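A short worksheet on the structure shown next.
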Amino acid sequence: MLKANYHTHTFRCGHARGEDEEYVIEALGSGLVELGFSDHIMLPGYSEPGIRGDFSLFFDYINSISNLKNKYADRIKIFTGFEAESFPMFFPYYRELVTNKTVDYLILGNHSCLDENKKVVCHFSKIKSPSELYLYRDLAFSALQSGYFSCFAHPDYFMSSIRQIDHDVKKVMLDIVSCAVNLDIPLEINLAGIRNGIKTIGDEKRYVYPTELFLKTCKKLHAKVIFGQDAHAPDQIDDEVANMKAIEMVRKYDLNVVEYLSFKKN
């Protein structure tokens, strides 16, 4: 049984459903003792409909989770966070959120790259070249080394469209896991990838993530891993099938699991 989850979205992002309190009730029913909300971060001066909530929803989100913290304080620990990308132009904003304790934590979700005009120039679920692969790695390095992030969500997200595991892919995976180990940042075993089922990618049938290469690399380097449900609906909190498959994975590879997330204070 999982004891904590720090990867929980809300309807504000535009691709999740359910009221905030429904996630808490589901967490209580599943036996969680800690629940972290980490919706896709609302960014000032930047709109990305269907991916993240508009910045106008920022205080509604903060206040809603704060109210739930107080309401359920005697039953479960609730934390306020965001899943944020490695967008260097927004790093000062991230720093402000963490140092001012506006949020309890940030987790890194390295989905895309912005240019200086705030235009998405690369989606890392659709990597098309070695240069994009190494861009994923380098942006991840920048974020992890910033000191703002407490966890790296689906760190093998870049494997989503990788049809062949070659030297470059292995190197990027090794570099990312090594960086996390050196900085003592847990890497997420992402349950959304498990819930989405086995896919045919190239000649291989596998989860989009977590991948075998990721799990083997974590074992090799004794990396810390943590479960993340990446819940976009309340009933995903207590998905027993996905939860058990994730537990079986970490047992199979004898991974170094941390049950609770330690928040970076920068």
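Starting from 1 in every chain, residues are counted up; chains themselves are A, B, ... following the order of the structure tokens, and ligands are numbered from 1 as listed.
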12 Å contact set for Asp156 (chain A), only C-alpha atoms, chain neighbours under 3 positions out, as a ChimeraX atom specification: /A:108-111,124-125,133,136-137,140,152-153,159-162,169-170,172-177,187-190,193,207-215,217-218
I'd like the neighbourhood of Phe79 (chain A) as a short mmCIF file (atom, residue, chain, number, x, y, z; two decimals) with C-alpha atoms, in the first residue's frame, where a residue qualifies if any of its atoms comes within 10 Å (using only C-alpha atoms), though same-chain residues fewer than 3 positions away should be ignored.
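Result saved to selection.cif:
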```
data_model
loop_
_atom_site.label_atom_id
_atom_site.label_comp_id
_atom_site.auth_asym_id
_atom_site.auth_seq_id
_atom_site.Cartn_x
_atom_site.Cartn_y
_atom_site.Cartn_z
CA TYR A 6 2.79 14.22 -4.24
CA GLU A 34 0.24 12.51 2.95
CA LEU A 35 -1.25 14.07 -0.19
CA GLY A 36 0.48 16.73 -2.26
CA PHE A 37 -1.31 18.73 -4.92
CA SER A 38 1.02 19.61 -7.80
CA ILE A 65 -5.63 23.65 -1.09
CA SER A 66 -4.99 25.80 1.99
CA LEU A 68 -8.36 21.61 2.60
CA LYS A 69 -5.18 21.55 4.69
CA ILE A 76 -4.15 13.66 6.57
CA VAL A 103 4.09 26.57 -1.99
CA ASP A 104 5.56 23.68 -0.06
CA TYR A 105 7.37 22.16 -3.03
#
```
Using DSSP on the backbone coordinates, identify all residues within region 57-206 of chain A classified as alpha helix (DSSP H); present the result as a short mmCIF file (atom, residue, chain, number, x, y, z; two decimals) with N, CA, C and O atoms, in the first residue's frame.
```
data_model
loop_
_atom_site.label_atom_id
_atom_site.label_comp_id
_atom_site.auth_asym_id
_atom_site.auth_seq_id
_atom_site.Cartn_x
_atom_site.Cartn_y
_atom_site.Cartn_z
N PHE A 58 -4.43 31.18 -10.21
CA PHE A 58 -3.37 30.90 -9.24
C PHE A 58 -3.89 30.95 -7.80
O PHE A 58 -3.72 29.98 -7.03
N PHE A 59 -4.51 32.05 -7.40
CA PHE A 59 -4.91 32.20 -6.01
C PHE A 59 -6.10 31.31 -5.66
O PHE A 59 -6.23 30.89 -4.50
N ASP A 60 -6.94 31.02 -6.63
CA ASP A 60 -8.02 30.07 -6.38
C ASP A 60 -7.45 28.71 -6.01
O ASP A 60 -7.93 28.04 -5.07
N TYR A 61 -6.41 28.30 -6.72
CA TYR A 61 -5.73 27.03 -6.43
C TYR A 61 -5.08 27.06 -5.05
O TYR A 61 -5.31 26.16 -4.22
N ILE A 62 -4.28 28.08 -4.78
CA ILE A 62 -3.58 28.18 -3.50
C ILE A 62 -4.57 28.19 -2.34
O ILE A 62 -4.39 27.48 -1.34
N ASN A 63 -5.63 28.97 -2.47
CA ASN A 63 -6.60 29.10 -1.37
C ASN A 63 -7.40 27.81 -1.17
O ASN A 63 -7.70 27.42 -0.03
N SER A 64 -7.73 27.15 -2.27
CA SER A 64 -8.49 25.90 -2.16
C SER A 64 -7.70 24.84 -1.41
O SER A 64 -8.24 24.18 -0.50
N ILE A 65 -6.44 24.67 -1.76
CA ILE A 65 -5.63 23.65 -1.09
C ILE A 65 -5.38 24.04 0.36
O ILE A 65 -5.37 23.18 1.26
N SER A 66 -5.19 25.33 0.61
CA SER A 66 -4.99 25.80 1.99
C SER A 66 -6.21 25.48 2.85
O SER A 66 -6.08 25.05 4.00
N ASN A 67 -7.40 25.69 2.30
CA ASN A 67 -8.62 25.38 3.05
C ASN A 67 -8.73 23.89 3.35
O ASN A 67 -9.16 23.49 4.44
N LEU A 68 -8.33 23.06 2.38
CA LEU A 68 -8.36 21.61 2.60
C LEU A 68 -7.35 21.18 3.65
O LEU A 68 -7.61 20.27 4.44
N LYS A 69 -6.19 21.83 3.65
CA LYS A 69 -5.18 21.55 4.69
C LYS A 69 -5.79 21.73 6.07
O LYS A 69 -5.62 20.89 6.96
N ASN A 70 -6.49 22.83 6.25
CA ASN A 70 -7.07 23.13 7.55
C ASN A 70 -8.24 22.21 7.88
O ASN A 70 -8.36 21.72 9.01
N LYS A 71 -9.07 21.94 6.90
CA LYS A 71 -10.27 21.13 7.14
C LYS A 71 -9.92 19.70 7.54
O LYS A 71 -10.58 19.10 8.39
N PHE A 91 12.64 30.73 -13.79
CA PHE A 91 13.32 30.29 -12.57
C PHE A 91 13.22 31.32 -11.44
O PHE A 91 13.05 30.94 -10.27
N PRO A 92 13.34 32.63 -11.71
CA PRO A 92 13.15 33.60 -10.61
C PRO A 92 11.77 33.50 -9.97
O PRO A 92 11.63 33.68 -8.75
N TYR A 93 10.77 33.23 -10.78
CA TYR A 93 9.41 33.03 -10.27
C TYR A 93 9.35 31.78 -9.39
O TYR A 93 8.75 31.81 -8.30
N TYR A 94 9.97 30.70 -9.84
CA TYR A 94 10.00 29.48 -9.03
C TYR A 94 10.67 29.76 -7.68
O TYR A 94 10.20 29.30 -6.63
N ARG A 95 11.78 30.47 -7.75
CA ARG A 95 12.52 30.77 -6.53
C ARG A 95 11.64 31.55 -5.54
O ARG A 95 11.63 31.26 -4.34
N GLU A 96 10.89 32.50 -6.06
CA GLU A 96 10.00 33.30 -5.21
C GLU A 96 8.95 32.43 -4.55
O GLU A 96 8.66 32.57 -3.35
N LEU A 97 8.37 31.51 -5.30
CA LEU A 97 7.34 30.63 -4.75
C LEU A 97 7.87 29.78 -3.61
O LEU A 97 7.20 29.58 -2.59
N VAL A 98 9.09 29.27 -3.80
CA VAL A 98 9.67 28.36 -2.80
C VAL A 98 10.20 29.13 -1.60
O VAL A 98 9.91 28.78 -0.45
N THR A 99 10.96 30.20 -1.83
CA THR A 99 11.60 30.91 -0.72
C THR A 99 10.57 31.68 0.11
O THR A 99 10.74 31.84 1.32
N PRO A 130 19.03 13.54 -32.02
CA PRO A 130 19.91 13.51 -30.86
C PRO A 130 20.03 14.88 -30.18
O PRO A 130 20.14 14.95 -28.94
N SER A 131 19.98 15.96 -30.95
CA SER A 131 20.09 17.29 -30.35
C SER A 131 18.92 17.57 -29.42
O SER A 131 19.09 18.18 -28.35
N GLU A 132 17.72 17.12 -29.78
CA GLU A 132 16.56 17.30 -28.90
C GLU A 132 16.68 16.42 -27.67
O GLU A 132 16.26 16.80 -26.57
N LEU A 133 17.24 15.24 -27.83
CA LEU A 133 17.46 14.33 -26.71
C LEU A 133 18.40 14.98 -25.68
O LEU A 133 18.12 14.99 -24.48
N TYR A 134 19.49 15.56 -26.17
CA TYR A 134 20.45 16.19 -25.26
C TYR A 134 19.91 17.52 -24.71
O TYR A 134 20.30 17.92 -23.60
N LEU A 135 19.02 18.15 -25.43
CA LEU A 135 18.35 19.35 -24.90
C LEU A 135 17.50 18.98 -23.69
O LEU A 135 17.48 19.71 -22.69
N TYR A 136 16.79 17.86 -23.80
CA TYR A 136 16.01 17.37 -22.66
C TYR A 136 16.92 17.19 -21.44
O TYR A 136 16.61 17.64 -20.34
N ARG A 137 18.04 16.54 -21.66
CA ARG A 137 18.99 16.32 -20.56
C ARG A 137 19.50 17.62 -19.98
O ARG A 137 19.52 17.80 -18.75
N ASP A 138 19.91 18.54 -20.83
CA ASP A 138 20.52 19.78 -20.35
C ASP A 138 19.53 20.65 -19.59
O ASP A 138 19.88 21.29 -18.59
N LEU A 139 18.28 20.69 -20.06
CA LEU A 139 17.26 21.45 -19.33
C LEU A 139 16.95 20.79 -18.00
O LEU A 139 16.71 21.47 -16.99
N ALA A 140 16.94 19.47 -17.98
CA ALA A 140 16.74 18.77 -16.71
C ALA A 140 17.86 19.10 -15.74
O ALA A 140 17.61 19.36 -14.54
N PHE A 141 19.10 19.10 -16.22
CA PHE A 141 20.23 19.48 -15.37
C PHE A 141 20.01 20.87 -14.77
O PHE A 141 20.21 21.07 -13.56
N SER A 142 19.64 21.83 -15.59
CA SER A 142 19.45 23.21 -15.12
C SER A 142 18.41 23.28 -14.00
O SER A 142 18.61 23.96 -12.99
N ALA A 143 17.32 22.56 -14.18
CA ALA A 143 16.26 22.59 -13.18
C ALA A 143 16.69 21.90 -11.89
O ALA A 143 16.52 22.45 -10.79
N LEU A 144 17.25 20.71 -12.01
CA LEU A 144 17.64 19.97 -10.81
C LEU A 144 18.72 20.72 -10.03
O LEU A 144 18.71 20.73 -8.79
N GLN A 145 19.63 21.35 -10.74
CA GLN A 145 20.72 22.06 -10.08
C GLN A 145 20.29 23.40 -9.50
O GLN A 145 21.02 24.00 -8.70
N SER A 146 19.09 23.86 -9.84
CA SER A 146 18.61 25.15 -9.34
C SER A 146 18.33 25.12 -7.84
O SER A 146 18.36 26.15 -7.17
N HIS A 167 23.28 4.37 -28.16
CA HIS A 167 24.28 4.92 -27.23
C HIS A 167 23.83 6.25 -26.65
O HIS A 167 24.00 6.49 -25.44
N ASP A 168 23.27 7.12 -27.47
CA ASP A 168 22.85 8.44 -26.99
C ASP A 168 21.74 8.32 -25.95
O ASP A 168 21.75 9.02 -24.93
N VAL A 169 20.78 7.46 -26.20
CA VAL A 169 19.68 7.27 -25.25
C VAL A 169 20.21 6.76 -23.92
O VAL A 169 19.83 7.25 -22.84
N LYS A 170 21.09 5.76 -23.97
CA LYS A 170 21.66 5.21 -22.74
C LYS A 170 22.47 6.26 -21.98
O LYS A 170 22.42 6.33 -20.74
N LYS A 171 23.20 7.08 -22.72
CA LYS A 171 24.02 8.11 -22.08
C LYS A 171 23.15 9.15 -21.38
O LYS A 171 23.43 9.56 -20.25
N VAL A 172 22.11 9.60 -22.07
CA VAL A 172 21.22 10.60 -21.48
C VAL A 172 20.56 10.05 -20.22
O VAL A 172 20.47 10.75 -19.20
N MET A 173 20.11 8.81 -20.26
CA MET A 173 19.50 8.20 -19.09
C MET A 173 20.50 8.13 -17.94
O MET A 173 20.18 8.49 -16.79
N LEU A 174 21.71 7.68 -18.23
CA LEU A 174 22.73 7.57 -17.20
C LEU A 174 23.07 8.95 -16.63
O LEU A 174 23.21 9.11 -15.40
N ASP A 175 23.17 9.95 -17.49
CA ASP A 175 23.51 11.30 -17.03
C ASP A 175 22.42 11.87 -16.12
O ASP A 175 22.71 12.49 -15.10
N ILE A 176 21.16 11.66 -16.48
CA ILE A 176 20.05 12.19 -15.69
C ILE A 176 19.99 11.53 -14.32
O ILE A 176 19.86 12.19 -13.29
N VAL A 177 20.09 10.21 -14.31
CA VAL A 177 20.03 9.50 -13.03
C VAL A 177 21.23 9.86 -12.17
O VAL A 177 21.10 10.08 -10.96
N SER A 178 22.40 9.98 -12.77
CA SER A 178 23.60 10.38 -12.02
C SER A 178 23.44 11.75 -11.39
O SER A 178 23.81 11.97 -10.24
N CYS A 179 22.88 12.68 -12.15
CA CYS A 179 22.66 14.04 -11.65
C CYS A 179 21.72 14.02 -10.44
O CYS A 179 21.98 14.67 -9.43
N ALA A 180 20.64 13.26 -10.54
CA ALA A 180 19.69 13.17 -9.44
C ALA A 180 20.33 12.54 -8.20
O ALA A 180 20.10 12.99 -7.07
N VAL A 181 21.15 11.53 -8.42
CA VAL A 181 21.84 10.89 -7.30
C VAL A 181 22.78 11.89 -6.61
O VAL A 181 22.79 12.01 -5.38
N ASN A 182 23.54 12.61 -7.41
CA ASN A 182 24.49 13.57 -6.85
C ASN A 182 23.81 14.69 -6.07
O ASN A 182 24.37 15.21 -5.09
N LEU A 183 22.60 15.04 -6.49
CA LEU A 183 21.86 16.12 -5.83
C LEU A 183 20.87 15.60 -4.80
O LEU A 183 20.16 16.39 -4.16
N LEU A 191 2.90 6.46 -12.14
CA LEU A 191 1.83 5.49 -12.30
C LEU A 191 0.90 5.80 -13.47
O LEU A 191 0.18 4.91 -13.93
N ALA A 192 0.91 7.04 -13.96
CA ALA A 192 0.08 7.36 -15.12
C ALA A 192 0.53 6.55 -16.33
O ALA A 192 -0.29 6.07 -17.12
N GLY A 193 1.85 6.41 -16.46
CA GLY A 193 2.37 5.60 -17.56
C GLY A 193 1.92 4.16 -17.47
O GLY A 193 1.65 3.51 -18.49
N ILE A 194 1.84 3.65 -16.25
CA ILE A 194 1.37 2.28 -16.04
C ILE A 194 -0.13 2.18 -16.34
O ILE A 194 -0.58 1.25 -17.01
N ARG A 195 -0.90 3.15 -15.85
CA ARG A 195 -2.35 3.15 -16.11
C ARG A 195 -2.66 3.20 -17.60
O ARG A 195 -3.67 2.64 -18.06
#
```
All strand (DSSP E or B) positions in region 94-216 of chain A, as a PyMOL selection string: chain A and resi 105-108+112-114+120-123+151-152+187-190+199-201+204-206
6 Å contact set for Asp39 (chain A), only C-alpha atoms, chain neighbours under 6 positions out, as a PyMOL selection string: chain A and resi 9-10+82-83
Filtering to all heavy atoms, could you give me those residues as a PDB file, in the first residue's frame?
```pdb
ATOM      1  N   HIS A   9      -3.144  16.429  -9.805  1.00  0.00           N
ATOM      2  CA  HIS A   9      -3.578  17.577 -10.596  1.00  0.00           C
ATOM      3  C   HIS A   9      -4.999  17.991 -10.232  1.00  0.00           C
ATOM      4  O   HIS A   9      -5.692  17.296  -9.484  1.00  0.00           O
ATOM      5  CB  HIS A   9      -3.454  17.247 -12.079  1.00  0.00           C
ATOM      6  CG  HIS A   9      -2.040  17.066 -12.524  1.00  0.00           C
ATOM      7  ND1 HIS A   9      -1.195  18.127 -12.749  1.00  0.00           N
ATOM      8  CD2 HIS A   9      -1.294  15.940 -12.736  1.00  0.00           C
ATOM      9  CE1 HIS A   9      -0.005  17.679 -13.088  1.00  0.00           C
ATOM     10  NE2 HIS A   9      -0.031  16.354 -13.086  1.00  0.00           N
ATOM     11  N   THR A  10      -5.417  19.136 -10.754  1.00  0.00           N
ATOM     12  CA  THR A  10      -6.784  19.606 -10.532  1.00  0.00           C
ATOM     13  C   THR A  10      -7.394  20.002 -11.867  1.00  0.00           C
ATOM     14  O   THR A  10      -6.704  20.117 -12.885  1.00  0.00           O
ATOM     15  CB  THR A  10      -6.834  20.818  -9.577  1.00  0.00           C
ATOM     16  OG1 THR A  10      -6.452  22.014 -10.285  1.00  0.00           O
ATOM     17  CG2 THR A  10      -5.919  20.623  -8.366  1.00  0.00           C
ATOM     18  N   PHE A  82       3.485  22.516  -7.145  1.00  0.00           N
ATOM     19  CA  PHE A  82       3.252  22.624  -8.582  1.00  0.00           C
ATOM     20  C   PHE A  82       4.177  21.656  -9.304  1.00  0.00           C
ATOM     21  O   PHE A  82       5.288  21.366  -8.847  1.00  0.00           O
ATOM     22  CB  PHE A  82       3.568  24.035  -9.097  1.00  0.00           C
ATOM     23  CG  PHE A  82       2.500  25.052  -8.845  1.00  0.00           C
ATOM     24  CD1 PHE A  82       2.751  26.155  -8.053  1.00  0.00           C
ATOM     25  CD2 PHE A  82       1.240  24.928  -9.426  1.00  0.00           C
ATOM     26  CE1 PHE A  82       1.778  27.113  -7.822  1.00  0.00           C
ATOM     27  CE2 PHE A  82       0.261  25.885  -9.202  1.00  0.00           C
ATOM     28  CZ  PHE A  82       0.531  26.978  -8.405  1.00  0.00           C
ATOM     29  N   GLU A  83       3.710  21.173 -10.446  1.00  0.00           N
ATOM     30  CA  GLU A  83       4.591  20.504 -11.398  1.00  0.00           C
ATOM     31  C   GLU A  83       5.023  21.565 -12.410  1.00  0.00           C
ATOM     32  O   GLU A  83       4.172  22.169 -13.082  1.00  0.00           O
ATOM     33  CB  GLU A  83       3.875  19.358 -12.118  1.00  0.00           C
ATOM     34  CG  GLU A  83       4.761  18.643 -13.136  1.00  0.00           C
ATOM     35  CD  GLU A  83       4.050  17.537 -13.880  1.00  0.00           C
ATOM     36  OE1 GLU A  83       2.809  17.406 -13.753  1.00  0.00           O
ATOM     37  OE2 GLU A  83       4.735  16.796 -14.619  1.00  0.00           O
TER      38      GLU A  83
END
```
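With only C-alpha atoms as the basis for measurement, A:Leu106 is the residue among A:Ala73, A:Leu106, A:Leu221, A:Ala16 that approaches Lys265 (chain A) most closely.
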Selection near Phe11 (chain A), 9 Å with only C-alpha atoms, sequence-local residues under 2 positions removed, as a PyMOL selection string: chain A and resi 9+13-20+39+53+232-233
Gap from CA of Asn117 (chain A) to CA of His154 (chain A) - Å, one decimal: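 Between CA of Asn117 (chain A) and CA of His154 (chain A) the gap works out to 26.7 Å.
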